[in-house]
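Shown here: data-v6.cif, mmCIF, C-alpha atoms (C1' of nucleotides).
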data_upload
loop_
_atom_site.label_atom_id
_atom_site.label_comp_id
_atom_site.auth_asym_id
_atom_site.auth_seq_id
_atom_site.Cartn_x
_atom_site.Cartn_y
_atom_site.Cartn_z
CA MET A 29 13.85 -86.58 27.27
CA ILE A 30 15.64 -87.69 24.08
CA GLU A 31 19.30 -86.82 24.34
CA PRO A 32 20.19 -84.26 21.64
CA SER A 33 22.09 -86.17 19.01
CA GLY A 34 24.72 -85.13 16.56
CA ARG A 35 25.58 -81.66 15.47
CA ARG A 36 24.40 -79.77 18.53
CA GLU A 37 26.41 -81.89 20.93
CA ARG A 38 29.47 -81.66 18.74
CA LYS A 39 29.26 -77.91 18.45
CA LYS A 40 28.91 -77.55 22.19
CA ALA A 41 31.86 -79.80 22.86
CA ALA A 42 33.91 -77.90 20.30
CA THR A 43 33.09 -74.58 21.95
CA ARG A 44 34.03 -75.94 25.34
CA GLN A 45 37.28 -77.33 24.04
CA LYS A 46 38.17 -74.14 22.25
CA ILE A 47 37.63 -72.14 25.42
CA ALA A 48 39.73 -74.50 27.52
CA ASP A 49 42.56 -74.67 24.99
CA THR A 50 42.63 -70.92 24.51
CA ALA A 51 42.62 -70.32 28.24
CA LEU A 52 45.44 -72.73 28.97
CA ARG A 53 47.53 -71.31 26.16
CA LEU A 54 47.08 -67.74 27.34
CA PHE A 55 47.74 -68.67 30.96
CA LEU A 56 50.96 -70.42 30.02
CA GLU A 57 52.04 -67.55 27.80
CA ARG A 58 51.29 -64.64 30.08
CA GLY A 59 50.62 -66.02 33.54
CA TYR A 60 47.36 -66.83 35.27
CA ASP A 61 46.83 -63.50 36.96
CA ASP A 62 47.72 -61.46 33.91
CA VAL A 63 45.01 -62.99 31.76
CA GLY A 64 41.46 -61.90 32.50
CA ILE A 65 38.26 -63.76 31.79
CA ARG A 66 37.44 -61.13 29.21
CA ASP A 67 40.76 -61.83 27.45
CA VAL A 68 40.03 -65.53 27.28
CA ALA A 69 36.51 -64.99 26.01
CA ALA A 70 37.66 -62.54 23.34
CA GLU A 71 40.48 -64.81 22.16
CA ALA A 72 38.17 -67.81 22.03
CA ASP A 73 35.60 -65.64 20.27
CA VAL A 74 32.76 -66.31 22.69
CA ALA A 75 30.81 -64.15 25.10
CA VAL A 76 31.83 -64.04 28.75
CA THR A 77 28.49 -65.51 29.72
CA THR A 78 29.04 -68.42 27.37
CA LEU A 79 32.37 -69.12 29.00
CA PHE A 80 30.70 -69.28 32.39
CA SER A 81 28.00 -71.57 31.08
CA HIS A 82 30.72 -74.11 30.31
CA PHE A 83 32.96 -73.61 33.34
CA PRO A 84 31.89 -72.74 36.85
CA ALA A 85 34.88 -70.52 37.58
CA LYS A 86 38.08 -69.18 36.12
CA GLU A 87 40.13 -71.77 37.98
CA ALA A 88 38.17 -74.61 36.40
CA LEU A 89 39.66 -73.69 33.02
CA VAL A 90 42.98 -75.05 34.20
CA PHE A 91 41.65 -78.36 35.51
CA GLU A 92 39.75 -79.27 32.35
CA ARG A 93 41.61 -82.52 31.79
CA ASP A 94 41.38 -83.54 35.40
CA GLN A 95 38.01 -85.21 34.90
CA GLY A 96 39.27 -88.76 35.03
CA PHE A 97 40.68 -88.40 38.51
CA GLU A 98 37.50 -88.87 40.47
CA HIS A 99 36.09 -91.49 38.16
CA GLY A 100 39.33 -93.46 38.18
CA LEU A 101 39.33 -93.70 41.95
CA VAL A 102 35.76 -94.90 42.07
CA ARG A 103 36.45 -97.49 39.39
CA ALA A 104 39.54 -98.67 41.21
CA VAL A 105 37.26 -99.56 44.09
CA ALA A 106 34.13 -100.74 42.35
CA ASP A 107 35.53 -102.51 39.29
CA ARG A 108 38.52 -104.25 40.79
CA ALA A 109 39.11 -107.93 40.13
CA PRO A 110 37.14 -110.20 42.44
CA GLY A 111 39.22 -111.08 45.46
CA GLU A 112 41.58 -108.16 44.98
CA GLN A 113 42.20 -106.28 48.19
CA LEU A 114 40.90 -102.75 48.53
CA ILE A 115 44.01 -100.94 49.70
CA PRO A 116 46.43 -102.42 47.14
CA ALA A 117 43.97 -101.53 44.38
CA LEU A 118 43.90 -97.95 45.59
CA ARG A 119 47.67 -97.92 45.90
CA GLN A 120 48.02 -98.92 42.29
CA GLU A 121 45.54 -96.28 41.16
CA ILE A 122 47.29 -93.55 43.13
CA HIS A 123 50.60 -94.65 41.64
CA ALA A 124 49.15 -94.16 38.19
CA LEU A 125 47.68 -90.77 39.01
CA VAL A 126 50.91 -89.55 40.55
CA ARG A 127 52.93 -90.70 37.56
CA HIS A 128 50.49 -88.86 35.37
CA CYS A 129 50.84 -85.56 37.11
CA THR A 130 54.56 -85.68 37.73
CA ALA A 131 55.30 -86.58 34.13
CA PRO A 132 57.61 -84.14 32.34
CA GLU A 133 54.91 -83.03 29.91
CA ALA A 134 52.69 -82.02 32.81
CA ALA A 135 55.36 -79.81 34.32
CA PRO A 136 54.29 -76.50 32.75
CA VAL A 137 50.72 -76.88 33.97
CA ARG A 138 51.91 -78.02 37.40
CA SER A 139 54.11 -74.99 37.76
CA LEU A 140 51.27 -72.78 36.57
CA ILE A 141 49.09 -74.17 39.34
CA MET A 142 51.81 -73.75 41.93
CA SER A 143 52.31 -70.14 40.87
CA SER A 144 48.83 -69.08 41.86
CA PRO A 145 47.29 -69.31 45.34
CA ALA A 146 43.84 -69.28 43.78
CA LEU A 147 44.65 -72.36 41.72
CA ARG A 148 46.24 -74.17 44.65
CA GLU A 149 43.14 -73.57 46.77
CA TYR A 150 40.86 -74.68 44.01
CA GLU A 151 42.77 -77.90 43.56
CA GLN A 152 42.67 -78.47 47.28
CA SER A 153 38.92 -78.25 47.43
CA MET A 154 38.57 -80.49 44.38
CA ARG A 155 40.55 -83.10 46.27
CA MET A 156 38.19 -82.83 49.21
CA ARG A 157 35.25 -83.53 46.95
CA HIS A 158 37.14 -86.50 45.58
CA ALA A 159 37.66 -87.75 49.11
CA ASP A 160 33.94 -87.61 49.76
CA THR A 161 33.17 -89.44 46.54
CA LEU A 162 35.77 -92.06 47.31
CA ALA A 163 34.41 -92.51 50.82
CA ALA A 164 30.98 -93.16 49.35
CA ALA A 165 32.40 -95.68 46.90
CA ILE A 166 34.25 -97.52 49.64
CA ALA A 167 31.18 -97.55 51.87
CA ALA A 168 29.09 -98.95 49.04
CA ASP A 169 31.68 -101.62 48.31
CA LEU A 170 31.79 -102.76 51.91
CA GLY A 171 28.08 -102.39 52.51
CA VAL A 172 28.41 -99.97 55.40
CA PRO A 173 26.72 -96.59 55.85
CA GLU A 174 28.26 -93.61 54.07
CA THR A 175 28.83 -91.87 57.36
CA SER A 176 31.11 -94.64 58.59
CA THR A 177 34.13 -92.97 60.13
CA PRO A 178 36.71 -95.57 59.04
CA CYS A 179 35.57 -95.29 55.42
CA ARG A 180 35.80 -91.55 55.44
CA THR A 181 39.14 -91.75 57.18
CA ILE A 182 40.68 -94.12 54.68
CA ALA A 183 39.36 -92.04 51.80
CA ARG A 184 40.99 -88.92 53.20
CA PHE A 185 44.24 -90.74 53.82
CA VAL A 186 44.31 -91.95 50.24
CA ILE A 187 43.79 -88.44 48.90
CA ASP A 188 46.52 -87.27 51.27
CA ALA A 189 48.82 -89.86 49.75
CA TYR A 190 48.24 -88.36 46.34
CA ALA A 191 48.84 -84.79 47.49
CA LEU A 192 51.93 -85.68 49.49
CA ALA A 193 53.46 -87.75 46.72
CA CYS A 194 52.97 -85.02 44.14
CA GLU A 195 55.07 -82.68 46.25
CA ALA A 196 57.67 -85.23 47.29
CA ALA A 197 61.14 -85.48 45.81
CA GLU A 198 60.59 -89.13 44.91
CA PRO A 199 56.87 -89.41 44.19
CA GLY A 200 56.82 -93.15 43.62
CA ASP A 201 58.63 -93.92 46.85
CA ALA A 202 56.40 -91.50 48.70
CA VAL A 203 53.28 -93.33 47.54
CA ASP A 204 54.65 -96.59 48.86
CA GLU A 205 55.72 -95.01 52.10
CA VAL A 206 52.34 -93.44 52.79
CA PHE A 207 50.50 -96.55 51.73
CA ARG A 208 52.45 -98.65 54.18
CA MET A 209 51.00 -96.37 56.83
CA ILE A 210 47.52 -96.51 55.33
CA GLU A 211 47.63 -100.29 55.24
CA ALA A 212 48.46 -100.36 58.94
CA ALA A 213 45.67 -97.92 59.69
CA TRP A 214 43.25 -100.01 57.69
CA ASP A 215 44.24 -103.18 59.53
CA VAL A 216 43.27 -101.77 62.89
CA SER A 217 39.99 -100.28 61.71
CA ARG A 218 36.85 -102.26 62.28
CA LEU A 219 36.41 -102.72 58.54
CA ALA A 220 39.45 -104.77 57.63
CA MET B 10 62.06 -51.03 66.85
CA ILE B 11 60.13 -49.86 69.92
CA GLU B 12 56.80 -51.61 70.10
CA PRO B 13 53.94 -49.09 70.06
CA SER B 14 52.69 -48.95 73.62
CA GLY B 15 49.34 -48.22 75.16
CA ARG B 16 46.58 -46.27 73.60
CA ARG B 17 47.41 -46.92 69.98
CA GLU B 18 47.45 -50.67 70.42
CA ARG B 19 44.25 -50.62 72.41
CA LYS B 20 42.42 -48.53 69.87
CA LYS B 21 43.55 -50.74 67.06
CA ALA B 22 42.46 -53.87 68.87
CA ALA B 23 39.11 -52.25 69.66
CA THR B 24 38.54 -51.37 66.02
CA ARG B 25 39.39 -54.89 64.97
CA GLN B 26 37.09 -56.36 67.58
CA LYS B 27 34.25 -54.06 66.65
CA ILE B 28 34.55 -55.08 63.00
CA ALA B 29 34.61 -58.78 63.81
CA ASP B 30 31.69 -58.56 66.24
CA THR B 31 29.60 -56.50 63.86
CA ALA B 32 30.33 -58.84 60.98
CA LEU B 33 29.45 -61.98 62.91
CA ARG B 34 26.24 -60.43 64.20
CA LEU B 35 25.12 -59.36 60.74
CA PHE B 36 26.07 -62.71 59.19
CA LEU B 37 24.07 -64.59 61.82
CA GLU B 38 21.11 -62.24 61.45
CA ARG B 39 20.87 -62.08 57.68
CA GLY B 40 23.10 -64.83 56.27
CA TYR B 41 26.64 -64.69 54.98
CA ASP B 42 25.83 -64.06 51.34
CA ASP B 43 23.23 -61.43 52.06
CA VAL B 44 25.64 -59.18 53.94
CA GLY B 45 28.19 -57.29 51.88
CA ILE B 46 31.52 -55.95 52.94
CA ARG B 47 30.12 -52.46 52.55
CA ASP B 48 27.31 -53.32 54.95
CA VAL B 49 29.75 -54.56 57.57
CA ALA B 50 31.99 -51.52 57.21
CA ALA B 51 29.07 -49.10 57.44
CA GLU B 52 27.58 -50.81 60.49
CA ALA B 53 30.96 -50.92 62.22
CA ASP B 54 31.49 -47.29 61.22
CA VAL B 55 34.81 -47.79 59.48
CA ALA B 56 35.97 -47.46 55.88
CA VAL B 57 36.10 -50.52 53.67
CA THR B 58 39.85 -50.11 53.32
CA THR B 59 40.20 -50.11 57.09
CA LEU B 60 38.31 -53.37 57.30
CA PHE B 61 40.69 -54.93 54.81
CA SER B 62 43.69 -53.66 56.69
CA HIS B 63 42.56 -55.75 59.65
CA PHE B 64 41.31 -58.84 57.81
CA PRO B 65 42.70 -60.35 54.63
CA ALA B 66 39.32 -61.41 53.25
CA LYS B 67 35.62 -61.46 53.98
CA GLU B 68 35.79 -65.07 55.10
CA ALA B 69 38.40 -64.25 57.71
CA LEU B 70 35.81 -62.23 59.62
CA VAL B 71 34.09 -65.47 60.58
CA PHE B 72 37.24 -67.24 61.79
CA GLU B 73 38.38 -64.42 64.06
CA ARG B 74 38.38 -66.55 67.21
CA ASP B 75 40.08 -69.46 65.54
CA GLN B 76 43.54 -68.12 66.22
CA GLY B 77 44.47 -70.57 68.96
CA PHE B 78 44.05 -73.59 66.73
CA GLU B 79 47.40 -73.56 65.00
CA HIS B 80 49.32 -72.43 68.03
CA GLY B 81 47.70 -75.06 70.22
CA LEU B 82 48.79 -77.85 67.92
CA VAL B 83 52.36 -76.66 67.83
CA ARG B 84 52.45 -76.33 71.60
CA ALA B 85 51.00 -79.80 72.01
CA VAL B 86 54.06 -81.09 70.19
CA ALA B 87 56.79 -78.78 71.40
CA ASP B 88 55.78 -78.17 75.01
CA ARG B 89 54.60 -81.61 76.01
CA ALA B 90 55.85 -83.20 79.22
CA PRO B 91 59.22 -84.89 78.83
CA GLY B 92 58.75 -88.53 78.01
CA GLU B 93 55.18 -88.04 76.81
CA GLN B 94 54.52 -89.75 73.50
CA LEU B 95 53.83 -87.63 70.44
CA ILE B 96 50.65 -89.22 69.15
CA PRO B 97 48.80 -89.35 72.48
CA ALA B 98 49.67 -85.71 73.06
CA LEU B 99 48.17 -84.83 69.69
CA ARG B 100 45.15 -86.97 70.40
CA GLN B 101 44.47 -85.05 73.57
CA GLU B 102 44.83 -81.72 71.81
CA ILE B 103 42.48 -82.74 69.00
CA HIS B 104 39.98 -83.91 71.60
CA ALA B 105 40.04 -80.47 73.14
CA LEU B 106 39.70 -78.69 69.81
CA VAL B 107 36.81 -80.89 68.72
CA ARG B 108 35.00 -80.35 72.01
CA HIS B 109 35.45 -76.65 71.52
CA CYS B 110 33.93 -76.52 68.08
CA THR B 111 31.10 -78.97 68.68
CA ALA B 112 30.01 -77.22 71.87
CA PRO B 113 26.39 -76.04 71.82
CA GLU B 114 27.35 -72.37 71.93
CA ALA B 115 29.41 -72.82 68.77
CA ALA B 116 26.50 -74.30 66.85
CA PRO B 117 25.24 -71.10 65.21
CA VAL B 118 28.67 -70.24 63.86
CA ARG B 119 29.22 -73.81 62.69
CA SER B 120 25.97 -73.84 60.83
CA LEU B 121 26.82 -70.46 59.33
CA ILE B 122 30.05 -71.91 58.01
CA MET B 123 28.32 -75.00 56.67
CA SER B 124 25.78 -72.83 54.88
CA SER B 125 28.34 -71.16 52.66
CA PRO B 126 30.64 -72.91 50.18
CA ALA B 127 33.03 -69.98 50.36
CA LEU B 128 33.38 -70.40 54.12
CA ARG B 129 33.79 -74.15 53.88
CA GLU B 130 36.56 -73.74 51.32
CA TYR B 131 38.27 -71.10 53.38
CA GLU B 132 38.25 -73.31 56.45
CA GLN B 133 39.60 -76.17 54.37
CA SER B 134 42.59 -74.21 53.21
CA MET B 135 43.23 -72.92 56.72
CA ARG B 136 43.44 -76.53 57.83
CA MET B 137 45.97 -77.27 55.12
CA ARG B 138 48.15 -74.48 56.40
CA HIS B 139 47.78 -75.88 59.87
CA ALA B 140 48.89 -79.27 58.58
CA ASP B 141 52.04 -77.73 57.13
CA THR B 142 52.81 -75.91 60.36
CA LEU B 143 52.22 -79.06 62.36
CA ALA B 144 54.44 -81.06 60.04
CA ALA B 145 57.22 -78.56 60.60
CA ALA B 146 56.75 -78.73 64.37
CA ILE B 147 56.86 -82.53 64.35
CA ALA B 148 59.94 -82.54 62.14
CA ALA B 149 61.69 -80.11 64.47
CA ASP B 150 60.75 -82.18 67.50
CA LEU B 151 62.14 -85.35 65.96
CA GLY B 152 65.13 -83.69 64.40
CA VAL B 153 64.35 -84.76 60.84
CA PRO B 154 64.10 -82.60 57.74
CA GLU B 155 60.86 -80.73 57.16
CA THR B 156 60.32 -82.53 53.91
CA SER B 157 60.18 -85.91 55.61
CA THR B 158 57.22 -87.76 54.16
CA PRO B 159 56.19 -89.56 57.36
CA CYS B 160 56.09 -86.25 59.25
CA ARG B 161 53.96 -84.60 56.65
CA THR B 162 51.76 -87.67 56.47
CA ILE B 163 51.11 -87.82 60.19
CA ALA B 164 50.40 -84.10 60.28
CA ARG B 165 47.80 -84.45 57.55
CA PHE B 166 46.23 -87.43 59.23
CA VAL B 167 45.91 -85.49 62.47
CA ILE B 168 44.19 -82.60 60.72
CA ASP B 169 41.94 -85.14 59.00
CA ALA B 170 41.02 -86.48 62.42
CA TYR B 171 39.85 -83.05 63.44
CA ALA B 172 37.81 -82.49 60.29
CA LEU B 173 36.24 -85.95 60.38
CA ALA B 174 35.37 -85.74 64.04
CA CYS B 175 33.71 -82.35 63.66
CA GLU B 176 31.31 -83.84 61.16
CA ALA B 177 30.74 -87.14 62.93
CA ALA B 178 27.65 -88.00 64.93
CA GLU B 179 29.78 -88.80 67.99
CA PRO B 180 32.79 -86.50 67.74
CA GLY B 181 34.60 -87.82 70.78
CA ASP B 182 34.33 -91.43 69.65
CA ALA B 183 35.39 -90.46 66.15
CA VAL B 184 38.59 -88.86 67.45
CA ASP B 185 39.49 -92.07 69.26
CA GLU B 186 38.61 -94.18 66.27
CA VAL B 187 40.73 -92.18 63.85
CA PHE B 188 43.59 -91.95 66.30
CA ARG B 189 43.70 -95.68 66.69
CA MET B 190 44.37 -95.77 62.97
CA ILE B 191 46.90 -92.96 63.16
CA GLU B 192 48.74 -94.73 65.95
CA ALA B 193 49.04 -97.84 63.77
CA ALA B 194 50.25 -95.75 60.84
CA TRP B 195 52.80 -94.08 63.06
CA ASP B 196 54.09 -97.41 64.35
CA VAL B 197 54.99 -98.63 60.88
CA SER B 198 56.61 -95.36 59.79
CA ARG B 199 60.34 -95.12 60.04
CA LEU B 200 60.01 -92.43 62.71
CA ALA B 201 58.35 -94.34 65.53
"C1'" DG C 14 8.68 -78.39 3.83
"C1'" DA C 15 6.84 -75.20 7.30
"C1'" DC C 16 6.63 -74.92 12.42
"C1'" DC C 17 7.78 -74.81 17.23
"C1'" DG C 18 10.24 -75.67 21.52
"C1'" DT C 19 14.57 -75.37 23.35
"C1'" DA C 20 19.54 -75.36 23.83
"C1'" DA C 21 23.42 -72.55 22.93
"C1'" DC C 22 24.98 -68.25 22.53
"C1'" DA C 23 25.33 -62.94 22.60
"C1'" DC C 24 25.02 -58.30 24.67
"C1'" DT C 25 24.49 -55.07 28.35
"C1'" DA C 26 24.80 -53.74 32.75
"C1'" DA C 27 25.43 -54.45 36.88
"C1'" DC C 28 27.04 -56.70 41.75
"C1'" DC C 29 30.56 -57.64 44.96
"C1'" DG C 30 35.12 -58.50 46.93
"C1'" DT C 31 39.34 -56.35 46.74
"C1'" DT C 32 43.09 -52.92 45.92
"C1'" DA C 33 45.53 -48.61 44.51
"C1'" DG C 34 46.22 -43.89 45.17
"C1'" DG C 35 46.29 -40.12 47.87
"C1'" DG C 36 44.83 -37.40 51.75
"C1'" DT C 37 43.72 -36.45 57.07
"C1'" DT C 38 43.90 -37.30 61.92
"C1'" DT C 39 45.91 -39.40 66.00
"C1'" DT C 40 49.65 -40.90 68.64
"C1'" DG C 41 54.17 -41.49 70.73
"C1'" DA C 42 58.45 -39.70 71.18
"C1'" DA C 43 62.35 -36.28 70.49
"C1'" DT D 17 56.57 -27.86 70.06
"C1'" DT D 18 57.59 -30.55 66.41
"C1'" DC D 19 57.87 -34.55 63.69
"C1'" DA D 20 57.43 -39.36 61.73
"C1'" DA D 21 54.72 -42.99 61.56
"C1'" DA D 22 50.49 -45.42 62.27
"C1'" DA D 23 45.79 -45.67 61.66
"C1'" DC D 24 42.26 -44.21 59.28
"C1'" DC D 25 39.19 -42.19 55.46
"C1'" DC D 26 37.51 -41.38 50.63
"C1'" DT D 27 37.21 -42.15 45.78
"C1'" DA D 28 37.68 -44.81 42.01
"C1'" DA D 29 38.67 -48.54 39.86
"C1'" DC D 30 39.67 -53.66 38.58
"C1'" DG D 31 38.32 -58.37 37.74
"C1'" DG D 32 35.36 -62.43 38.48
"C1'" DT D 33 30.66 -63.43 38.30
"C1'" DT D 34 25.60 -63.14 37.36
"C1'" DA D 35 20.88 -61.42 35.98
"C1'" DG D 36 18.06 -59.97 32.43
"C1'" DT D 37 16.90 -60.05 27.83
"C1'" DG D 38 17.17 -61.18 23.29
"C1'" DT D 39 18.78 -63.99 19.06
"C1'" DT D 40 20.17 -67.86 16.39
"C1'" DA D 41 20.58 -72.75 15.13
"C1'" DC D 42 19.25 -77.17 15.73
"C1'" DG D 43 16.03 -81.36 16.30
"C1'" DG D 44 11.74 -83.30 16.33
"C1'" DT D 45 6.83 -82.88 14.74
"C1'" DC D 46 2.83 -81.96 11.91
#
Structure encoded using structure tokens:
Amino acid sequence: MIEPSGRRERKKAATRQKIADTALRLFLERGYDDVGIRDVAAEADVAVTTLFSHFPAKEALVFERDQGFEHGLVRAVADRAPGEQLIPALRQEIHALVRHCTAPEAAPVRSLIMSSPALREYEQSMRMRHADTLAAAIAADLGVPETSTPCRTIARFVIDAYALACEAAEPGDAVDEVFRMIEAAWDVSRLA
Amino acid sequence: MIEPSGRRERKKAATRQKIADTALRLFLERGYDDVGIRDVAAEADVAVTTLFSHFPAKEALVFERDQGFEHGLVRAVADRAPGEQLIPALRQEIHALVRHCTAPEAAPVRSLIMSSPALREYEQSMRMRHADTLAAAIAADLGVPETSTPCRTIARFVIDAYALACEAAEPGDAVDEVFRMIEAAWDVSRLA
DNA sequence: GACCGTAACACTAACCGTTAGGGTTTTGAA
DNA sequence: TTCAAAACCCTAACGGTTAGTGTTACGGTC
């Protein structure tokens, strides 16, 4: 019941980090498909089973740093300034996320992801989970049931905005363009 | 250059059908995860390699009958009556597709899909491909470039409508509800 | 300070989807 | 009849993933 304090936690975190760093380095050096799980484990000096106790799948090694995504969206809804409108708050958050992942220093990882169908699919299904989480956060904020169709719809649209903008030629403009459409959709829903 | 006529085609189609039927039967009887590819191949009396020459992956065995989906969406855009509006045409098509997959006789297969994360992910990424195809069809119909953000946005929204409605308590109502929002989004896009 | 429960890790051996390589039969056409 | 290609089969492997079974290192307790 007492959370393990100190050394044990640190060692665990260090192991996890070492695995993730090693994996990303090898993937970038030699390509995702040409690096096996056994290679990563050997290079990080851990057992294969240890690797899988830290990460649920090979693909997850690439999305290590992507943790903030989901949490950021939920916070954008739940912790926004009192009186601030929902959709603009989400627009701002998506702007930030898109800037983050289209930044020049993120380009190698982006192109790694794009180079592998497995990674693209994995990202896709992460996004879907994010959409569900966001839908729940929106429903909670508005005090409507989680199954509310407009909530779930808006959540999906927002995630779509992110995905579309990341692939667009002008990501910032694309966010604004999609959000103009989302705002209109929101206005005619029975939640606005 | 000459298309293979007659017997060969029929035999091939029969083999494919036998594999798909056998697979679906076994999956429904014993569960998706408890039936291996080798089981399906043995029961259908074909080699494993033959199975994979007909289907790209295990998951594809379940979505055999789902072929019309993509084509139907494209036709709804391209072959609609002259003067008919785009969004209403899509709304009608999605209504039909949703009815199809929420029909009572489709329930066992739906619940099979819902029972397996692998199948849910596979369906998800099929839908994404459908969204891309639909975006291209819409772009062609309107005479704008395929990369047009509003096109791609509307296509995604339409696919979202399908997914959301399939999971809603009242699928028909959900389609109408989401399409009211899509219509509003469409009206403020620079394509309307 | 010795002691114990448990979390983290290791090792082995397998399972399962998928593919490569290489051979045999069937089919349609010359 | 003969031939090329298509469809199929078999074997063996590869690579991600997991189960089973220890082993070590830490944290709290007596």
Note to self: If the PyMOL selection byres ((chain C and resi 21) around 12) were run on this exact file, what residues would it hold? Put them as number ranges by chain.
What the structure shows: A: 35-41, 43-44, 74-75, 77-79, 81-82; C: 19-20, 22-23; D: 39-42
With chain D as the partner and 10 Å as the cut-off, tabulate the residues of chain A that qualify, each row holding the nearest pair of atoms and their distance in Å to one decimal, using only C-alpha atoms (C1' of nucleotides), sorted by chain and rising number, as a Markdown table.
| residue | atom | partner | partner_atom | distance |
| --- | --- | --- | --- | --- |
| A:Ile30 | CA | D:DG44 | C1' | 9.7 |
| A:Pro32 | CA | D:DG43 | C1' | 7.4 |
| A:Ser33 | CA | D:DG43 | C1' | 8.2 |
| A:Gly34 | CA | D:DG43 | C1' | 9.5 |
| A:Arg35 | CA | D:DC42 | C1' | 7.8 |
| A:Arg36 | CA | D:DC42 | C1' | 6.4 |
| A:Asp61 | CA | D:DG31 | C1' | 10.0 |
| A:Gly64 | CA | D:DG31 | C1' | 7.1 |
| A:Ile65 | CA | D:DG32 | C1' | 7.4 |
| A:Arg66 | CA | D:DG31 | C1' | 9.0 |
| A:Val76 | CA | D:DT33 | C1' | 9.6 |
| A:Thr77 | CA | D:DT34 | C1' | 8.5 |
| A:Phe80 | CA | D:DT33 | C1' | 8.3 |
| A:Pro84 | CA | D:DT33 | C1' | 9.5 |
| A:Ala85 | CA | D:DG32 | C1' | 8.2 |
| A:Lys86 | CA | D:DG32 | C1' | 7.7 |
Distance cut-off 8 Å, counting only C-alpha atoms - which residues of chain B neighbour chain A? Return them as number ranges by chain.
B: 130, 133-134, 156, 158-159, 161-162, 165-166, 169-170, 173, 177, 183, 186-187, 189-195, 197-198
Taken to one decimal, the atom CA of Leu162 of chain A-atom CA of Ile187 of chain A distance is 8.9 Å
task: Identify, on the basis of only C-alpha atoms (C1' of nucleotides), every residue whose closest approach to Arg138 of chain A does not exceed 8 Å; exclude the query and any residue fewer than 4 positions from it along the same chain; express the result as a PyMOL selection string.
output: chain A and resi 129+134+142
Specify as JSON, numbers by chain all residues of chain C found within 9 Å of chain B, counting all atoms listed in the file. {"C": [29, 30, 31, 32, 39, 40, 41]}
Separation of atom CA of Thr161 of chain A from atom CA of Arg108 of chain A, in Å and rounded to one decimal:
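Separation of atom CA of Thr161 of chain A and atom CA of Arg108 of chain A: 16.8 Å.
Compared by their closest atoms to Ala163 of chain A, and using all atoms listed in the file, the residues A:Val102, A:Leu147, A:Ala109, A:Leu125 rank with A:Val102 nearest.
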Taken to one decimal, the atom CA of His99 of chain A-atom CA of Arg127 of chain A distance is 16.9 Å
Discussion item. Residue by residue, what does the PyMOL selection byres ((chain B and resi 34) around 12) grab here? Present the result as a PyMOL selection string.
Written reply: chain B and resi 27-33+35-41+44+48-49+52-53+70-71+117-118+121
Supply segment 41-52 of chain A as a PDB file, in the frame of the given file, with N, CA and C atoms built in where the input has gaps.
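Result saved to result05.pdb:
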ATOM      1  N   ALA A  41      30.576 -79.263  22.409  1.00  0.00           N
ATOM      2  CA  ALA A  41      31.860 -79.800  22.860  1.00  0.00           C
ATOM      3  C   ALA A  41      33.015 -79.016  22.245  1.00  0.00           C
ATOM      4  N   ALA A  42      32.847 -78.643  20.968  1.00  0.00           N
ATOM      5  CA  ALA A  42      33.910 -77.900  20.300  1.00  0.00           C
ATOM      6  C   ALA A  42      34.106 -76.542  20.962  1.00  0.00           C
ATOM      7  N   THR A  43      33.009 -75.870  21.266  1.00  0.00           N
ATOM      8  CA  THR A  43      33.090 -74.580  21.950  1.00  0.00           C
ATOM      9  C   THR A  43      33.828 -74.714  23.276  1.00  0.00           C
ATOM     10  N   ARG A  44      33.402 -75.707  24.037  1.00  0.00           N
ATOM     11  CA  ARG A  44      34.030 -75.940  25.340  1.00  0.00           C
ATOM     12  C   ARG A  44      35.529 -76.172  25.193  1.00  0.00           C
ATOM     13  N   GLN A  45      35.867 -77.006  24.235  1.00  0.00           N
ATOM     14  CA  GLN A  45      37.280 -77.330  24.040  1.00  0.00           C
ATOM     15  C   GLN A  45      38.070 -76.106  23.622  1.00  0.00           C
ATOM     16  N   LYS A  46      37.478 -75.330  22.728  1.00  0.00           N
ATOM     17  CA  LYS A  46      38.170 -74.140  22.250  1.00  0.00           C
ATOM     18  C   LYS A  46      38.439 -73.168  23.402  1.00  0.00           C
ATOM     19  N   ILE A  47      37.454 -73.024  24.271  1.00  0.00           N
ATOM     20  CA  ILE A  47      37.630 -72.140  25.420  1.00  0.00           C
ATOM     21  C   ILE A  47      38.766 -72.650  26.302  1.00  0.00           C
ATOM     22  N   ALA A  48      38.719 -73.936  26.619  1.00  0.00           N
ATOM     23  CA  ALA A  48      39.730 -74.500  27.520  1.00  0.00           C
ATOM     24  C   ALA A  48      41.124 -74.391  26.907  1.00  0.00           C
ATOM     25  N   ASP A  49      41.253 -74.727  25.637  1.00  0.00           N
ATOM     26  CA  ASP A  49      42.560 -74.670  24.990  1.00  0.00           C
ATOM     27  C   ASP A  49      43.101 -73.246  24.956  1.00  0.00           C
ATOM     28  N   THR A  50      42.218 -72.323  24.558  1.00  0.00           N
ATOM     29  CA  THR A  50      42.630 -70.920  24.510  1.00  0.00           C
ATOM     30  C   THR A  50      43.091 -70.448  25.884  1.00  0.00           C
ATOM     31  N   ALA A  51      42.303 -70.770  26.893  1.00  0.00           N
ATOM     32  CA  ALA A  51      42.620 -70.320  28.240  1.00  0.00           C
ATOM     33  C   ALA A  51      43.985 -70.840  28.677  1.00  0.00           C
ATOM     34  N   LEU A  52      44.180 -72.147  28.513  1.00  0.00           N
ATOM     35  CA  LEU A  52      45.440 -72.730  28.970  1.00  0.00           C
ATOM     36  C   LEU A  52      46.624 -72.119  28.223  1.00  0.00           C
TER      37      LEU A  52
END
